[in-house]
file target_3.tsv (TSV, C-alpha atoms)
chain	number	residue	atom	x	y	z
A	1	MET	CA	27.67	-36.76	-103.81
A	2	ARG	CA	24.18	-35.61	-102.91
A	3	PRO	CA	21.92	-32.69	-103.87
A	4	PHE	CA	22.81	-29.39	-102.20
A	5	ILE	CA	19.55	-27.97	-100.85
A	6	ALA	CA	20.73	-25.38	-98.30
A	7	ARG	CA	20.90	-21.63	-98.81
A	8	GLY	CA	22.91	-20.95	-101.97
A	9	ALA	CA	21.64	-24.10	-103.68
A	10	ASN	CA	21.27	-22.25	-106.98
A	11	ALA	CA	24.92	-21.19	-107.08
A	12	VAL	CA	27.29	-22.83	-109.54
A	13	ARG	CA	29.89	-24.50	-107.34
A	14	CYS	CA	33.53	-25.44	-107.83
A	15	THR	CA	33.76	-29.23	-107.82
A	16	GLN	CA	37.04	-29.09	-105.88
A	17	CYS	CA	36.57	-26.61	-103.02
A	18	LEU	CA	32.72	-26.76	-103.09
A	19	MET	CA	32.45	-22.96	-102.87
A	20	ALA	CA	30.34	-20.97	-105.27
A	21	GLU	CA	32.55	-20.28	-108.30
A	22	PHE	CA	32.83	-16.57	-107.47
A	23	ALA	CA	34.27	-17.53	-104.04
A	24	CYS	CA	36.54	-20.37	-105.22
A	25	PHE	CA	39.84	-20.47	-103.30
A	26	CYS	CA	41.55	-23.37	-105.09
A	27	HIS	CA	44.38	-21.12	-106.28
A	28	PHE	CA	45.49	-20.72	-102.66
A	29	ARG	CA	46.04	-24.46	-102.26
A	30	MET	CA	49.74	-25.34	-102.09
A	31	ASN	CA	50.48	-28.98	-101.33
A	32	GLN	CA	53.00	-29.48	-98.54
A	33	HIS	CA	54.47	-32.32	-96.51
A	34	SER	CA	53.51	-32.88	-92.90
A	35	PRO	CA	55.84	-34.32	-90.24
A	36	VAL	CA	52.88	-36.36	-88.91
A	37	GLU	CA	50.14	-38.28	-90.68
A	38	PHE	CA	46.40	-37.75	-90.28
A	39	ILE	CA	43.41	-40.05	-90.37
A	40	LEU	CA	40.28	-37.96	-90.88
A	41	LEU	CA	37.08	-39.56	-89.63
A	42	PHE	CA	34.17	-37.60	-91.10
A	43	HIS	CA	30.74	-37.60	-89.53
A	44	ARG	CA	28.23	-38.25	-92.33
A	45	ASP	CA	26.39	-34.97	-91.61
A	46	GLU	CA	29.56	-32.90	-92.00
A	47	ILE	CA	31.26	-34.24	-95.08
A	48	HIS	CA	28.93	-32.57	-97.60
A	49	LYS	CA	29.00	-29.10	-96.04
A	50	PRO	CA	30.90	-26.46	-98.04
A	51	THR	CA	31.90	-24.96	-94.67
A	52	ASN	CA	33.55	-28.19	-93.50
A	53	SER	CA	37.17	-27.38	-92.60
A	54	GLY	CA	38.49	-30.91	-92.04
A	55	ARG	CA	39.04	-31.37	-95.76
A	56	LEU	CA	41.56	-28.51	-95.69
A	57	ILE	CA	44.00	-30.89	-94.00
A	58	ALA	CA	43.76	-33.25	-96.96
A	59	ASP	CA	44.08	-30.30	-99.34
A	60	LEU	CA	47.32	-29.13	-97.77
A	61	PHE	CA	48.89	-32.48	-96.82
A	62	PRO	CA	47.52	-34.97	-99.40
A	63	ASP	CA	50.40	-37.43	-99.08
A	64	GLU	CA	50.02	-37.69	-95.31
A	65	THR	CA	46.22	-37.73	-95.01
A	66	HIS	CA	43.77	-40.65	-95.07
A	67	ALA	CA	40.03	-39.94	-95.02
A	68	PHE	CA	37.18	-42.23	-94.01
A	69	LEU	CA	33.50	-41.93	-93.22
A	70	TRP	CA	32.89	-42.80	-89.56
A	71	SER	CA	30.68	-45.68	-88.54
A	72	ARG	CA	29.94	-46.58	-84.93
A	73	THR	CA	29.66	-50.33	-85.50
A	74	GLU	CA	30.94	-51.02	-89.02
A	75	PRO	CA	34.20	-49.19	-89.76
A	76	SER	CA	35.63	-49.94	-93.18
A	77	LYS	CA	38.07	-52.83	-93.49
A	78	ALA	CA	40.60	-50.48	-95.08
A	79	LEU	CA	40.47	-48.25	-91.99
A	80	LEU	CA	40.88	-51.14	-89.57
A	81	THR	CA	43.81	-52.47	-91.60
A	82	LEU	CA	45.43	-49.04	-91.51
A	83	LEU	CA	44.94	-48.72	-87.75
A	84	GLU	CA	46.50	-52.14	-87.23
A	85	ALA	CA	49.50	-51.11	-89.31
A	86	LYS	CA	49.87	-47.90	-87.27
A	87	GLN	CA	49.58	-49.67	-83.92
A	88	GLY	CA	51.89	-48.08	-81.37
A	89	HIS	CA	52.33	-45.01	-83.54
A	90	CYS	CA	48.75	-43.74	-83.57
A	91	THR	CA	46.97	-41.24	-81.32
A	92	LEU	CA	43.41	-39.96	-81.25
A	93	LEU	CA	43.10	-36.21	-80.73
A	94	PHE	CA	40.37	-35.65	-78.15
A	95	PRO	CA	40.04	-34.13	-74.64
A	96	ASN	CA	40.27	-36.35	-71.58
A	97	THR	CA	36.58	-36.10	-70.70
A	98	ASP	CA	34.92	-37.48	-67.57
A	99	THR	CA	33.42	-40.22	-69.71
A	100	ALA	CA	36.86	-41.09	-71.09
A	101	LYS	CA	38.13	-41.40	-67.52
A	102	VAL	CA	35.24	-43.70	-66.59
A	103	GLN	CA	35.94	-45.77	-69.70
A	104	GLN	CA	39.62	-45.85	-68.66
A	105	ARG	CA	40.72	-44.72	-72.09
A	106	PRO	CA	44.54	-44.65	-72.41
A	107	GLN	CA	46.21	-41.26	-72.79
A	108	ARG	CA	49.24	-40.21	-74.82
A	109	GLN	CA	51.80	-37.87	-73.32
A	110	LEU	CA	54.46	-35.77	-75.00
A	111	PRO	CA	57.08	-36.29	-76.25
A	112	LEU	CA	55.95	-38.84	-78.80
A	113	ASN	CA	57.80	-42.11	-79.21
A	114	THR	CA	60.57	-41.47	-81.75
A	115	GLU	CA	62.43	-44.77	-81.47
A	116	GLU	CA	61.73	-45.43	-85.15
A	117	PRO	CA	62.82	-42.22	-86.93
A	118	ASN	CA	61.46	-43.30	-90.32
A	119	THR	CA	57.96	-43.89	-88.94
A	120	LYS	CA	55.67	-40.88	-88.83
A	121	HIS	CA	53.23	-40.70	-85.96
A	122	THR	CA	49.57	-40.73	-87.00
A	123	PHE	CA	46.81	-38.65	-85.44
A	124	ILE	CA	43.12	-39.49	-85.78
A	125	ILE	CA	41.03	-36.34	-86.22
A	126	LEU	CA	37.28	-36.58	-85.56
A	127	ASP	CA	35.58	-34.20	-87.96
A	128	GLY	CA	32.17	-33.03	-86.79
A	129	THR	CA	30.46	-30.74	-84.31
A	130	TRP	CA	31.38	-31.17	-80.66
A	131	LYS	CA	28.28	-33.30	-80.09
A	132	GLN	CA	29.04	-35.44	-83.13
A	133	ALA	CA	32.73	-35.85	-82.27
A	134	SER	CA	31.87	-36.74	-78.68
A	135	LYS	CA	29.60	-39.52	-79.91
A	136	MET	CA	32.26	-40.73	-82.34
A	137	PHE	CA	34.85	-40.89	-79.58
A	138	HIS	CA	32.85	-42.33	-76.71
A	139	GLN	CA	30.67	-44.81	-78.62
A	140	SER	CA	33.21	-46.36	-80.99
A	141	HIS	CA	34.30	-49.58	-79.32
A	142	TRP	CA	36.93	-50.14	-82.01
A	143	LEU	CA	38.73	-46.91	-81.01
A	144	LYS	CA	38.86	-47.56	-77.27
A	145	ASP	CA	42.39	-49.01	-77.15
A	146	ILE	CA	44.00	-46.17	-79.12
A	147	PRO	CA	45.61	-43.60	-76.80
A	148	HIS	CA	44.13	-40.12	-76.97
A	149	PHE	CA	45.89	-36.80	-76.60
A	150	GLU	CA	44.48	-33.63	-75.08
A	151	ILE	CA	45.89	-30.24	-76.02
A	152	SER	CA	46.41	-28.43	-72.73
A	153	SER	CA	44.35	-25.36	-71.84
A	154	GLU	CA	47.60	-23.38	-71.60
A	155	ALA	CA	48.52	-24.31	-75.18
A	156	GLN	CA	45.01	-23.38	-76.33
A	157	ARG	CA	45.18	-19.96	-74.65
A	158	SER	CA	48.64	-19.34	-76.10
A	159	PHE	CA	47.41	-20.27	-79.56
A	160	LEU	CA	44.42	-17.94	-79.21
A	161	VAL	CA	46.59	-15.02	-78.16
A	162	ARG	CA	48.87	-15.47	-81.15
A	163	HIS	CA	46.40	-16.44	-83.86
A	164	SER	CA	42.78	-15.71	-83.04
A	165	SER	CA	40.31	-13.37	-81.39
A	166	HIS	CA	37.38	-15.69	-80.66
A	167	GLN	CA	36.67	-17.84	-77.62
A	168	MET	CA	37.81	-21.45	-77.26
A	169	GLN	CA	35.58	-22.85	-79.98
A	170	PHE	CA	37.70	-24.24	-82.78
A	171	ALA	CA	37.08	-25.61	-86.25
A	172	THR	CA	38.69	-28.93	-87.18
A	173	ALA	CA	41.43	-27.23	-89.20
A	174	GLU	CA	42.22	-24.90	-86.30
A	175	VAL	CA	42.48	-27.78	-83.83
A	176	SER	CA	44.83	-29.59	-86.21
A	177	ALA	CA	46.94	-26.45	-86.63
A	178	MET	CA	47.06	-26.18	-82.84
A	179	LEU	CA	48.18	-29.80	-82.63
A	180	LEU	CA	51.03	-29.18	-85.06
A	181	ASP	CA	52.01	-26.08	-83.09
A	182	THR	CA	52.00	-28.05	-79.82
A	183	LEU	CA	54.22	-30.70	-81.39
A	184	GLY	CA	56.69	-28.00	-82.42
A	185	HIS	CA	55.90	-28.01	-86.14
A	186	LYS	CA	55.40	-24.26	-86.39
A	187	LYS	CA	55.80	-23.93	-90.17
A	188	GLN	CA	53.14	-26.53	-90.99
A	189	SER	CA	50.86	-25.16	-88.27
A	190	GLN	CA	51.03	-21.66	-89.71
A	191	ALA	CA	50.48	-22.93	-93.26
A	192	LEU	CA	47.31	-24.79	-92.23
A	193	LEU	CA	46.04	-21.86	-90.18
A	194	SER	CA	46.66	-19.42	-93.04
A	195	TYR	CA	44.84	-21.71	-95.46
A	196	TYR	CA	41.94	-21.98	-93.02
A	197	GLN	CA	41.76	-18.19	-92.71
A	198	VAL	CA	41.57	-17.85	-96.50
A	199	PHE	CA	38.87	-20.52	-96.53
A	200	ASN	CA	36.94	-18.68	-93.81
A	201	GLN	CA	37.15	-15.39	-95.70
A	202	HIS	CA	35.76	-17.00	-98.84
A	203	CYS	CA	32.95	-18.61	-96.82
A	204	LEU	CA	31.99	-15.12	-95.65
A	205	ILE	CA	32.13	-13.78	-99.20
A	206	SER	CA	29.83	-16.56	-100.35
A	207	ARG	CA	27.39	-15.99	-97.48
A	208	LYS	CA	27.19	-12.25	-98.12
A	209	ARG	CA	26.53	-12.84	-101.82
A	210	ASP	CA	23.85	-15.44	-101.01
A	211	LYS	CA	22.21	-13.07	-98.53
A	212	SER	CA	22.16	-10.16	-100.97
A	213	THR	CA	20.77	-12.42	-103.72
A	214	ASN	CA	17.94	-13.64	-101.48
A	215	THR	CA	16.86	-10.19	-100.31
call {"tool": "encode", "arguments": {"input": "target_3.tsv", "output": "C-alpha coordinates"}}
result
Amino acid sequence: MRPFIARGANAVRCTQCLMAEFACFCHFRMNQHSPVEFILLFHRDEIHKPTNSGRLIADLFPDETHAFLWSRTEPSKALLTLLEAKQGHCTLLFPNTDTAKVQQRPQRQLPLNTEEPNTKHTFIILDGTWKQASKMFHQSHWLKDIPHFEISSEAQRSFLVRHSSHQMQFATAEVSAMLLDTLGHKKQSQALLSYYQVFNQHCLISRKRDKSTNT
(Lines of atoms letter the chains of each structure in order from A and count residues from 1; the text may use other names and numbers.)
(Lines give C-alpha, C1' and ligand atoms only; values in the text may rest on other atoms or scores of the structure.)
Protein backbone atom coordinates (compact mmCIF):
# COMPACT_ATOMS: atom_id res chain seq x y z
CA MET A 1 0.00 0.00 0.00
CA ARG A 2 1.07 3.57 -0.64
CA PRO A 3 -0.66 6.97 -0.82
CA PHE A 4 -2.60 7.58 -4.03
CA ILE A 5 -1.59 11.05 -5.23
CA ALA A 6 -2.65 11.04 -8.90
CA ARG A 7 -5.77 12.62 -10.34
CA GLY A 8 -8.78 11.34 -8.39
CA ALA A 9 -6.81 11.12 -5.14
CA ASN A 10 -9.77 12.50 -3.18
CA ALA A 11 -12.13 9.74 -4.34
CA VAL A 12 -13.19 7.03 -1.91
CA ARG A 13 -11.87 3.83 -3.46
CA CYS A 14 -12.95 0.20 -3.30
CA THR A 15 -10.23 -1.73 -1.50
CA GLN A 16 -10.67 -4.70 -3.85
CA CYS A 17 -10.82 -3.31 -7.41
CA LEU A 18 -9.14 0.04 -6.52
CA MET A 19 -11.73 2.00 -8.52
CA ALA A 20 -13.59 4.92 -7.04
CA GLU A 21 -16.62 3.45 -5.25
CA PHE A 22 -19.05 4.85 -7.83
CA ALA A 23 -17.13 2.93 -10.55
CA CYS A 24 -16.59 -0.32 -8.60
CA PHE A 25 -16.87 -3.40 -10.83
CA CYS A 26 -16.38 -6.14 -8.22
CA HIS A 27 -19.85 -7.55 -8.87
CA PHE A 28 -18.71 -8.57 -12.37
CA ARG A 29 -15.95 -10.79 -10.97
CA MET A 30 -16.75 -14.48 -11.41
CA ASN A 31 -13.95 -16.85 -10.42
CA GLN A 32 -13.16 -19.48 -13.03
CA HIS A 33 -10.61 -22.20 -13.65
CA SER A 34 -7.89 -21.81 -16.25
CA PRO A 35 -6.39 -24.69 -18.25
CA VAL A 36 -2.95 -23.07 -17.80
CA GLU A 37 -1.31 -21.42 -14.81
CA PHE A 38 0.06 -17.87 -14.68
CA ILE A 39 2.96 -16.26 -12.88
CA LEU A 40 2.45 -12.50 -12.86
CA LEU A 41 5.62 -10.46 -12.50
CA PHE A 42 4.61 -6.90 -11.64
CA HIS A 43 6.85 -3.94 -12.30
CA ARG A 44 6.91 -1.85 -9.12
CA ASP A 45 5.62 1.23 -10.97
CA GLU A 46 2.56 -0.61 -12.28
CA ILE A 47 1.23 -2.55 -9.35
CA HIS A 48 -0.36 0.43 -7.57
CA LYS A 49 -2.14 1.86 -10.61
CA PRO A 50 -5.95 1.50 -10.59
CA THR A 51 -5.70 1.09 -14.38
CA ASN A 52 -3.38 -1.91 -14.12
CA SER A 53 -5.01 -4.80 -15.99
CA GLY A 54 -2.65 -7.63 -14.99
CA ARG A 55 -4.49 -8.11 -11.71
CA LEU A 56 -7.62 -9.05 -13.67
CA ILE A 57 -5.98 -12.39 -14.42
CA ALA A 58 -5.69 -13.09 -10.70
CA ASP A 59 -9.27 -11.88 -10.20
CA LEU A 60 -10.66 -14.32 -12.74
CA PHE A 61 -8.33 -17.29 -12.21
CA PRO A 62 -7.26 -17.07 -8.53
CA ASP A 63 -6.47 -20.76 -8.15
CA GLU A 64 -4.14 -20.76 -11.15
CA THR A 65 -2.37 -17.43 -10.63
CA HIS A 66 0.78 -16.58 -8.66
CA ALA A 67 1.84 -12.94 -8.33
CA PHE A 68 5.26 -11.52 -7.50
CA LEU A 69 6.98 -8.15 -7.59
CA TRP A 70 9.80 -8.22 -10.15
CA SER A 71 13.40 -7.64 -9.16
CA ARG A 72 16.27 -7.60 -11.63
CA THR A 73 18.87 -9.04 -9.26
CA GLU A 74 17.00 -10.28 -6.18
CA PRO A 75 13.89 -12.29 -7.09
CA SER A 76 12.06 -13.71 -4.11
CA LYS A 77 13.02 -17.17 -2.90
CA ALA A 78 9.39 -18.26 -3.21
CA LEU A 79 9.41 -17.30 -6.89
CA LEU A 80 12.66 -19.12 -7.60
CA THR A 81 11.36 -22.21 -5.81
CA LEU A 82 8.19 -22.10 -7.89
CA LEU A 83 10.13 -21.73 -11.14
CA GLU A 84 12.30 -24.70 -10.21
CA ALA A 85 9.19 -26.78 -9.55
CA LYS A 86 7.73 -25.76 -12.92
CA GLN A 87 10.93 -26.51 -14.83
CA GLY A 88 10.13 -27.99 -18.24
CA HIS A 89 6.52 -26.85 -18.00
CA CYS A 90 7.06 -23.08 -17.88
CA THR A 91 7.12 -20.50 -20.67
CA LEU A 92 7.70 -16.75 -20.66
CA LEU A 93 5.32 -14.80 -22.88
CA PHE A 94 7.40 -12.27 -24.81
CA PRO A 95 8.25 -11.49 -28.47
CA ASN A 96 11.41 -12.88 -30.02
CA THR A 97 13.22 -9.54 -30.17
CA ASP A 98 16.58 -8.88 -31.81
CA THR A 99 18.11 -8.68 -28.36
CA ALA A 100 16.61 -12.05 -27.44
CA LYS A 101 18.19 -13.52 -30.56
CA VAL A 102 21.58 -12.06 -29.66
CA GLN A 103 21.19 -13.45 -26.14
CA GLN A 104 20.26 -16.81 -27.70
CA ARG A 105 17.16 -17.07 -25.56
CA PRO A 106 15.35 -20.41 -26.08
CA GLN A 107 11.95 -20.33 -27.75
CA ARG A 108 8.84 -22.42 -27.14
CA GLN A 109 6.83 -23.71 -30.07
CA LEU A 110 3.28 -25.02 -30.20
CA PRO A 111 1.91 -27.50 -29.40
CA LEU A 112 2.94 -27.52 -25.75
CA ASN A 113 4.37 -30.63 -24.17
CA THR A 114 1.41 -32.65 -22.87
CA GLU A 115 3.23 -35.82 -21.86
CA GLU A 116 2.08 -35.29 -18.27
CA PRO A 117 -1.69 -34.69 -18.55
CA ASN A 118 -2.11 -33.78 -14.88
CA THR A 119 0.51 -31.02 -15.07
CA LYS A 120 -0.71 -27.62 -16.19
CA HIS A 121 1.68 -25.53 -18.23
CA THR A 122 2.68 -22.23 -16.61
CA PHE A 123 3.11 -18.93 -18.42
CA ILE A 124 5.08 -16.02 -16.99
CA ILE A 125 3.39 -12.70 -17.75
CA LEU A 126 5.47 -9.52 -17.46
CA ASP A 127 3.15 -6.78 -16.26
CA GLY A 128 4.31 -3.29 -17.16
CA THR A 129 4.63 -0.87 -20.04
CA TRP A 130 6.48 -2.10 -23.11
CA LYS A 131 9.65 -0.35 -21.94
CA GLN A 132 9.33 -1.83 -18.46
CA ALA A 133 8.55 -5.34 -19.72
CA SER A 134 11.46 -5.19 -22.15
CA LYS A 135 13.82 -4.37 -19.30
CA MET A 136 12.33 -7.14 -17.16
CA PHE A 137 12.82 -9.68 -19.94
CA HIS A 138 16.23 -8.72 -21.27
CA GLN A 139 17.97 -7.81 -18.00
CA SER A 140 16.82 -10.64 -15.73
CA HIS A 141 19.63 -13.17 -15.78
CA TRP A 142 17.54 -15.60 -13.74
CA LEU A 143 14.92 -15.78 -16.53
CA LYS A 144 17.32 -16.41 -19.41
CA ASP A 145 16.99 -20.22 -19.49
CA ILE A 146 13.18 -20.23 -19.53
CA PRO A 147 11.82 -20.63 -23.08
CA HIS A 148 9.76 -17.72 -24.35
CA PHE A 149 6.77 -17.79 -26.65
CA GLU A 150 5.80 -15.18 -29.21
CA ILE A 151 2.21 -14.83 -30.36
CA SER A 152 2.38 -14.66 -34.15
CA SER A 153 1.43 -11.48 -36.01
CA GLU A 154 -1.27 -13.47 -37.82
CA ALA A 155 -2.84 -14.50 -34.51
CA GLN A 156 -2.68 -10.90 -33.30
CA ARG A 157 -4.40 -9.59 -36.44
CA SER A 158 -7.07 -12.29 -36.20
CA PHE A 159 -7.68 -11.42 -32.55
CA LEU A 160 -7.99 -7.72 -33.41
CA VAL A 161 -10.50 -8.37 -36.17
CA ARG A 162 -12.69 -10.43 -33.86
CA HIS A 163 -12.37 -8.52 -30.60
CA SER A 164 -10.97 -5.02 -30.94
CA SER A 165 -10.81 -1.85 -33.00
CA HIS A 166 -7.49 -0.36 -31.90
CA GLN A 167 -4.00 -0.88 -33.28
CA MET A 168 -1.61 -3.56 -32.04
CA GLN A 169 -1.07 -2.07 -28.61
CA PHE A 170 -2.39 -4.42 -25.96
CA ALA A 171 -2.95 -4.29 -22.23
CA THR A 172 -1.64 -7.19 -20.12
CA ALA A 173 -5.11 -8.72 -19.78
CA GLU A 174 -5.64 -8.53 -23.55
CA VAL A 175 -2.31 -10.22 -24.27
CA SER A 176 -3.19 -12.99 -21.83
CA ALA A 177 -6.63 -13.41 -23.44
CA MET A 178 -4.88 -13.61 -26.81
CA LEU A 179 -2.55 -16.27 -25.43
CA LEU A 180 -5.48 -18.38 -24.22
CA ASP A 181 -7.15 -17.94 -27.61
CA THR A 182 -3.96 -19.03 -29.42
CA LEU A 183 -3.75 -22.12 -27.22
CA GLY A 184 -7.32 -23.01 -28.16
CA HIS A 185 -8.94 -22.11 -24.84
CA LYS A 186 -11.64 -19.93 -26.37
CA LYS A 187 -14.04 -19.92 -23.41
CA GLN A 188 -11.44 -18.69 -20.91
CA SER A 189 -10.07 -16.21 -23.44
CA GLN A 190 -13.50 -14.67 -23.97
CA ALA A 191 -14.19 -14.55 -20.23
CA LEU A 192 -10.96 -12.65 -19.57
CA LEU A 193 -11.52 -10.31 -22.50
CA SER A 194 -15.10 -9.58 -21.40
CA TYR A 195 -13.91 -8.86 -17.86
CA TYR A 196 -11.22 -6.55 -19.22
CA GLN A 197 -13.80 -4.69 -21.31
CA VAL A 198 -15.96 -4.13 -18.23
CA PHE A 199 -12.87 -2.96 -16.36
CA ASN A 200 -12.01 -0.56 -19.19
CA GLN A 201 -15.53 0.86 -19.25
CA HIS A 202 -15.40 1.55 -15.52
CA CYS A 203 -11.99 3.19 -15.89
CA LEU A 204 -13.56 5.57 -18.41
CA ILE A 205 -16.48 6.26 -16.08
CA SER A 206 -14.06 7.10 -13.29
CA ARG A 207 -11.96 9.36 -15.52
CA LYS A 208 -14.99 11.28 -16.77
CA ARG A 209 -16.22 11.81 -13.22
CA ASP A 210 -12.75 12.95 -12.10
CA LYS A 211 -12.52 15.35 -15.04
CA SER A 212 -15.94 16.87 -14.40
CA THR A 213 -15.14 17.23 -10.68
CA ASN A 214 -11.87 19.05 -11.42
CA THR A 215 -13.37 21.52 -13.90
call {"tool": "residues_around", "arguments": {"input": "target_3.tsv", "residues": "stretch 130-141 of chain A", "least_positions_apart": "6", "cutoff": "12 Å", "atoms": "only C-alpha atoms", "output": "ChimeraX atom specification"}}
result
/A:40-46,69-75,92-105,124,147-148,169-172
call {"tool": "residues_near_point", "arguments": {"input": "target_3.tsv", "point": "(49.8, -24.9, -102.0)", "cutoff": "12 Å", "atoms": "all atoms listed in the file", "output": "MDAnalysis selection string"}}
result
chainID A and resid 25:33 56:62 188 191:192 194:195
call {"tool": "atom_distance", "arguments": {"input": "target_3.tsv", "atom1": "atom CA of A:Glu21", "atom2": "atom CA of A:Thr65"}}
result
25.8 Å
call {"tool": "atom_distance", "arguments": {"input": "target_3.tsv", "atom1": "atom CA of A:Lys144", "atom2": "atom CA of A:Thr129"}}
result
20.1 Å
call {"tool": "atom_distance", "arguments": {"input": "target_3.tsv", "atom1": "atom CA of A:Ser53", "atom2": "atom CA of A:Arg157"}}
result
21.0 Å
call {"tool": "decode", "arguments": {"input": "target_3.tsv", "residues": "stretch 96-137 of chain A", "atoms": "N, CA and C atoms", "output": "CSV table (one decimal), in the first residue's frame"}}
result
chain,number,residue,atom,x,y,z
A,96,ASN,N,10.0,-12.5,-29.7
A,96,ASN,CA,11.4,-12.9,-30.0
A,96,ASN,C,12.2,-11.7,-30.6
A,97,THR,N,12.6,-10.8,-29.8
A,97,THR,CA,13.2,-9.5,-30.2
A,97,THR,C,14.6,-9.8,-30.7
A,98,ASP,N,15.2,-8.8,-31.3
A,98,ASP,CA,16.6,-8.9,-31.8
A,98,ASP,C,17.5,-9.1,-30.6
A,99,THR,N,17.3,-8.5,-29.5
A,99,THR,CA,18.1,-8.7,-28.4
A,99,THR,C,18.0,-10.1,-27.8
A,100,ALA,N,16.8,-10.7,-27.9
A,100,ALA,CA,16.6,-12.0,-27.4
A,100,ALA,C,17.4,-13.0,-28.3
A,101,LYS,N,17.4,-12.7,-29.6
A,101,LYS,CA,18.2,-13.5,-30.6
A,101,LYS,C,19.7,-13.4,-30.3
A,102,VAL,N,20.2,-12.2,-30.0
A,102,VAL,CA,21.6,-12.1,-29.7
A,102,VAL,C,21.9,-12.8,-28.4
A,103,GLN,N,21.0,-12.8,-27.4
A,103,GLN,CA,21.2,-13.5,-26.1
A,103,GLN,C,21.0,-15.0,-26.3
A,104,GLN,N,20.5,-15.4,-27.4
A,104,GLN,CA,20.3,-16.8,-27.7
A,104,GLN,C,19.3,-17.4,-26.7
A,105,ARG,N,18.2,-16.6,-26.5
A,105,ARG,CA,17.2,-17.1,-25.6
A,105,ARG,C,16.4,-18.2,-26.2
A,106,PRO,N,16.1,-19.3,-25.5
A,106,PRO,CA,15.4,-20.4,-26.1
A,106,PRO,C,13.9,-20.0,-26.3
A,107,GLN,N,13.3,-20.6,-27.4
A,107,GLN,CA,11.9,-20.3,-27.7
A,107,GLN,C,11.1,-21.6,-27.5
A,108,ARG,N,9.8,-21.3,-27.3
A,108,ARG,CA,8.8,-22.4,-27.1
A,108,ARG,C,7.9,-22.4,-28.4
A,109,GLN,N,7.7,-23.6,-28.9
A,109,GLN,CA,6.8,-23.7,-30.1
A,109,GLN,C,5.6,-24.5,-29.7
A,110,LEU,N,4.5,-24.2,-30.4
A,110,LEU,CA,3.3,-25.0,-30.2
A,110,LEU,C,3.4,-26.3,-31.0
A,111,PRO,N,2.7,-27.4,-30.6
A,111,PRO,CA,1.9,-27.5,-29.4
A,111,PRO,C,2.8,-27.7,-28.2
A,112,LEU,N,2.2,-27.4,-27.0
A,112,LEU,CA,2.9,-27.5,-25.8
A,112,LEU,C,3.1,-29.0,-25.4
A,113,ASN,N,4.1,-29.3,-24.6
A,113,ASN,CA,4.4,-30.6,-24.2
A,113,ASN,C,3.2,-31.1,-23.3
A,114,THR,N,2.5,-32.1,-23.7
A,114,THR,CA,1.4,-32.6,-22.9
A,114,THR,C,1.7,-34.1,-22.4
A,115,GLU,N,2.9,-34.4,-22.3
A,115,GLU,CA,3.2,-35.8,-21.9
A,115,GLU,C,2.7,-36.1,-20.4
A,116,GLU,N,2.6,-35.1,-19.6
A,116,GLU,CA,2.1,-35.3,-18.3
A,116,GLU,C,0.7,-34.6,-18.2
A,117,PRO,N,-0.4,-35.3,-18.4
A,117,PRO,CA,-1.7,-34.7,-18.5
A,117,PRO,C,-2.2,-34.0,-17.3
A,118,ASN,N,-1.7,-34.4,-16.1
A,118,ASN,CA,-2.1,-33.8,-14.9
A,118,ASN,C,-1.3,-32.5,-14.5
A,119,THR,N,-0.3,-32.2,-15.3
A,119,THR,CA,0.5,-31.0,-15.1
A,119,THR,C,0.1,-29.9,-16.0
A,120,LYS,N,-0.3,-28.8,-15.4
A,120,LYS,CA,-0.7,-27.6,-16.2
A,120,LYS,C,0.5,-26.8,-16.6
A,121,HIS,N,0.6,-26.4,-17.8
A,121,HIS,CA,1.7,-25.5,-18.2
A,121,HIS,C,1.5,-24.2,-17.6
A,122,THR,N,2.7,-23.5,-17.3
A,122,THR,CA,2.7,-22.2,-16.6
A,122,THR,C,3.3,-21.2,-17.5
A,123,PHE,N,2.6,-20.0,-17.6
A,123,PHE,CA,3.1,-18.9,-18.4
A,123,PHE,C,3.5,-17.7,-17.5
A,124,ILE,N,4.6,-17.2,-17.7
A,124,ILE,CA,5.1,-16.0,-17.0
A,124,ILE,C,4.6,-14.8,-17.8
A,125,ILE,N,3.9,-13.9,-17.1
A,125,ILE,CA,3.4,-12.7,-17.8
A,125,ILE,C,4.1,-11.5,-17.1
A,126,LEU,N,4.8,-10.7,-17.9
A,126,LEU,CA,5.5,-9.5,-17.5
A,126,LEU,C,4.5,-8.4,-17.5
A,127,ASP,N,4.2,-7.8,-16.3
A,127,ASP,CA,3.1,-6.8,-16.3
A,127,ASP,C,3.8,-5.4,-16.1
A,128,GLY,N,3.8,-4.6,-17.2
A,128,GLY,CA,4.3,-3.3,-17.2
A,128,GLY,C,4.1,-2.7,-18.5
A,129,THR,N,4.6,-1.5,-18.7
A,129,THR,CA,4.6,-0.9,-20.0
A,129,THR,C,5.6,-1.7,-20.9
A,130,TRP,N,5.6,-1.4,-22.2
A,130,TRP,CA,6.5,-2.1,-23.1
A,130,TRP,C,7.9,-1.9,-22.7
A,131,LYS,N,8.3,-0.7,-22.4
A,131,LYS,CA,9.7,-0.4,-21.9
A,131,LYS,C,10.0,-1.1,-20.7
A,132,GLN,N,9.1,-1.1,-19.7
A,132,GLN,CA,9.3,-1.8,-18.5
A,132,GLN,C,9.5,-3.3,-18.7
A,133,ALA,N,8.5,-3.9,-19.5
A,133,ALA,CA,8.5,-5.3,-19.7
A,133,ALA,C,9.8,-5.8,-20.5
A,134,SER,N,10.2,-4.9,-21.4
A,134,SER,CA,11.5,-5.2,-22.2
A,134,SER,C,12.7,-5.3,-21.2
A,135,LYS,N,12.7,-4.3,-20.3
A,135,LYS,CA,13.8,-4.4,-19.3
A,135,LYS,C,13.7,-5.6,-18.4
A,136,MET,N,12.5,-6.0,-18.0
A,136,MET,CA,12.3,-7.1,-17.2
A,136,MET,C,12.8,-8.4,-17.9
A,137,PHE,N,12.5,-8.5,-19.2
A,137,PHE,CA,12.8,-9.7,-19.9
A,137,PHE,C,14.3,-9.8,-20.2
